[in-house]
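Beneath this line is the structure, given in structure tokens, with notes to follow.
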Amino acid sequence: MKIVHRRSGTVLAEGPAGWGVTRFDGGIYIRRRHLVGGAFSLGIVPGLCVYKGLYLSLDYTPPDGLVERGLGWMYVVPNPLLPFIRYRVAVPSDHPELDCIA
């Protein structure tokens, strides 16, 4: 699976569907080893999902340097029944700035 940032044309993540890049509940959860281009940094907005847990928003900076605020999130204290989302970068599967190629 490949995830491309449309505006910059940067491949954000690339890896095998399943454990490496996981689709779950409207998001795509990416293991760190499969992040390719650009950089994610912590945003300023924490949040709480009633069944998934506590998360932090992430800002994405592609190689062209124009920051995309709140493009992703990361669960730092997830529900114990969902350990596969812990510390993974997640992006929405239907975001207008992202192309998801299976």
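Each chain in the structure tokens gets a letter, A, B and so on, in the order shown; residues start at 1 in every chain, and ligands are counted from 1 in the order they appear.
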Point to revise | Shell of 9 Å around region 51-61 of chain A, only C-alpha atoms, local chain residues under 3 positions omitted, as a PyMOL selection string | key: chain A and resi 38-48+64-82+85+89-90
Check: Any idea what's packed within 8 Å of region 6-17 of chain A, counting only C-alpha atoms, ignoring anything in its chain fewer than 2 positions away? Could you give it as a VMD selection string?
Finding: chain A and resid 1 to 4 19 to 22 30 34 to 38 62 to 64 97 to 99 102
All heavy atoms of the current selection, written as a short mmCIF file (atom, residue, chain, number, x, y, z; two decimals), in the first residue's frame:
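Generated output (result17.cif):
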data_model
loop_
_atom_site.label_atom_id
_atom_site.label_comp_id
_atom_site.auth_asym_id
_atom_site.auth_seq_id
_atom_site.Cartn_x
_atom_site.Cartn_y
_atom_site.Cartn_z
N MET A 1 0.84 -1.17 0.00
CA MET A 1 0.00 0.00 0.00
C MET A 1 0.89 1.24 0.00
O MET A 1 1.91 1.26 0.68
CB MET A 1 -0.90 -0.02 1.24
CG MET A 1 -1.81 1.17 1.34
SD MET A 1 -2.88 1.12 2.79
CE MET A 1 -4.11 0.01 2.20
N LYS A 2 0.50 2.23 -0.74
CA LYS A 2 1.27 3.47 -0.85
C LYS A 2 0.34 4.64 -0.53
O LYS A 2 -0.79 4.68 -0.99
CB LYS A 2 1.82 3.61 -2.26
CG LYS A 2 2.71 4.81 -2.46
CD LYS A 2 3.12 4.99 -3.91
CE LYS A 2 4.09 3.93 -4.34
NZ LYS A 2 4.66 4.20 -5.68
N ILE A 3 0.83 5.60 0.25
CA ILE A 3 0.08 6.81 0.57
C ILE A 3 0.88 8.00 0.06
O ILE A 3 2.04 8.18 0.43
CB ILE A 3 -0.17 6.93 2.08
CG1 ILE A 3 -0.91 5.69 2.58
CG2 ILE A 3 -0.95 8.20 2.40
CD1 ILE A 3 -0.99 5.58 4.07
N VAL A 4 0.25 8.81 -0.80
CA VAL A 4 0.92 9.93 -1.44
C VAL A 4 0.27 11.24 -1.01
O VAL A 4 -0.96 11.36 -1.00
CB VAL A 4 0.85 9.80 -2.98
CG1 VAL A 4 1.51 10.98 -3.66
CG2 VAL A 4 1.47 8.49 -3.44
N TRP A 19 -0.21 -5.87 8.72
CA TRP A 19 0.46 -5.43 9.93
C TRP A 19 1.30 -4.18 9.73
O TRP A 19 1.44 -3.36 10.63
CB TRP A 19 1.32 -6.56 10.49
CG TRP A 19 1.83 -6.28 11.86
CD1 TRP A 19 3.13 -6.11 12.23
CD2 TRP A 19 1.07 -6.10 13.05
NE1 TRP A 19 3.22 -5.85 13.57
CE2 TRP A 19 1.95 -5.83 14.10
CE3 TRP A 19 -0.30 -6.13 13.33
CZ2 TRP A 19 1.53 -5.60 15.40
CZ3 TRP A 19 -0.71 -5.91 14.63
CH2 TRP A 19 0.20 -5.65 15.65
N GLY A 20 1.87 -3.96 8.56
CA GLY A 20 2.71 -2.79 8.31
C GLY A 20 1.89 -1.52 8.14
O GLY A 20 2.20 -0.48 8.71
N VAL A 21 0.86 -1.57 7.33
CA VAL A 21 -0.04 -0.45 7.08
C VAL A 21 -1.46 -1.00 7.26
O VAL A 21 -1.92 -1.82 6.48
CB VAL A 21 0.15 0.13 5.66
CG1 VAL A 21 -0.79 1.29 5.43
CG2 VAL A 21 1.59 0.55 5.43
N THR A 22 -2.13 -0.57 8.33
CA THR A 22 -3.40 -1.16 8.72
C THR A 22 -4.55 -0.17 8.57
O THR A 22 -4.49 0.93 9.11
CB THR A 22 -3.34 -1.59 10.21
OG1 THR A 22 -2.21 -2.42 10.40
CG2 THR A 22 -4.58 -2.32 10.63
N ILE A 30 0.10 3.42 10.43
CA ILE A 30 1.36 3.12 9.74
C ILE A 30 2.47 2.88 10.76
O ILE A 30 2.71 3.71 11.64
CB ILE A 30 1.76 4.30 8.83
CG1 ILE A 30 0.60 4.68 7.91
CG2 ILE A 30 3.02 3.98 8.06
CD1 ILE A 30 0.69 6.08 7.37
N HIS A 34 7.66 2.12 7.91
CA HIS A 34 7.06 2.29 6.59
C HIS A 34 6.80 3.75 6.22
O HIS A 34 6.26 4.03 5.15
CB HIS A 34 5.77 1.47 6.50
CG HIS A 34 5.99 0.01 6.70
ND1 HIS A 34 6.76 -0.75 5.84
CD2 HIS A 34 5.61 -0.83 7.69
CE1 HIS A 34 6.82 -1.99 6.28
NE2 HIS A 34 6.12 -2.06 7.41
N LEU A 35 7.17 4.68 7.10
CA LEU A 35 7.08 6.10 6.76
C LEU A 35 8.26 6.43 5.85
O LEU A 35 9.40 6.11 6.16
CB LEU A 35 7.13 6.95 8.03
CG LEU A 35 5.93 6.81 8.96
CD1 LEU A 35 6.19 7.54 10.27
CD2 LEU A 35 4.67 7.32 8.30
N VAL A 36 7.97 7.09 4.73
CA VAL A 36 9.01 7.29 3.73
C VAL A 36 9.46 8.75 3.62
O VAL A 36 10.59 9.08 3.89
CB VAL A 36 8.54 6.78 2.34
CG1 VAL A 36 9.60 7.00 1.29
CG2 VAL A 36 8.15 5.32 2.41
N GLY A 37 8.56 9.63 3.17
CA GLY A 37 8.96 11.01 2.88
C GLY A 37 8.31 12.02 3.79
O GLY A 37 7.21 11.84 4.27
N GLY A 38 9.02 13.10 4.04
CA GLY A 38 8.51 14.13 4.92
C GLY A 38 8.69 13.74 6.37
O GLY A 38 9.33 12.75 6.69
N PRO A 62 6.13 18.05 4.42
CA PRO A 62 6.74 17.39 3.27
C PRO A 62 8.09 18.06 2.95
O PRO A 62 8.42 19.09 3.54
CB PRO A 62 5.72 17.61 2.15
CG PRO A 62 4.96 18.82 2.55
CD PRO A 62 4.97 18.85 4.06
N PRO A 63 8.85 17.49 2.04
CA PRO A 63 10.15 18.07 1.71
C PRO A 63 10.11 19.52 1.23
O PRO A 63 11.08 20.24 1.35
CB PRO A 63 10.67 17.15 0.59
CG PRO A 63 10.02 15.85 0.85
CD PRO A 63 8.66 16.20 1.38
N ASP A 64 8.95 19.96 0.69
CA ASP A 64 8.87 21.36 0.23
C ASP A 64 8.73 22.35 1.39
O ASP A 64 8.79 23.56 1.19
CB ASP A 64 7.75 21.55 -0.80
CG ASP A 64 6.36 21.35 -0.22
OD1 ASP A 64 6.21 21.22 1.00
OD2 ASP A 64 5.41 21.34 -1.03
N GLU A 97 -6.16 15.59 0.80
CA GLU A 97 -4.75 15.81 0.42
C GLU A 97 -3.97 14.50 0.27
O GLU A 97 -2.78 14.53 0.01
CB GLU A 97 -4.06 16.70 1.44
CG GLU A 97 -4.42 18.15 1.33
CD GLU A 97 -3.93 18.78 0.03
OE1 GLU A 97 -2.82 18.47 -0.42
OE2 GLU A 97 -4.69 19.58 -0.52
N LEU A 98 -4.63 13.35 0.46
CA LEU A 98 -3.92 12.07 0.42
C LEU A 98 -4.52 11.15 -0.65
O LEU A 98 -5.73 11.10 -0.81
CB LEU A 98 -3.99 11.36 1.77
CG LEU A 98 -3.36 12.08 2.95
CD1 LEU A 98 -3.61 11.31 4.22
CD2 LEU A 98 -1.88 12.31 2.74
N ASP A 99 -3.65 10.43 -1.34
CA ASP A 99 -4.06 9.37 -2.27
C ASP A 99 -3.57 8.05 -1.67
O ASP A 99 -2.39 7.89 -1.38
CB ASP A 99 -3.42 9.54 -3.64
CG ASP A 99 -4.09 10.59 -4.48
OD1 ASP A 99 -5.33 10.73 -4.37
OD2 ASP A 99 -3.39 11.27 -5.24
N ALA A 102 -3.65 0.98 -3.23
CA ALA A 102 -3.51 -0.37 -2.68
C ALA A 102 -2.58 -1.23 -3.52
O ALA A 102 -2.29 -1.02 -4.62
CB ALA A 102 -4.85 -1.05 -2.58
#
Expressed in Å, the length from CA of Val50 (chain A) to CA of His5 (chain A) is 29.2 Å
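If you look at CA of Ser93 (chain A) and CA of Gly27 (chain A), they are 5.0 Å away from each other.
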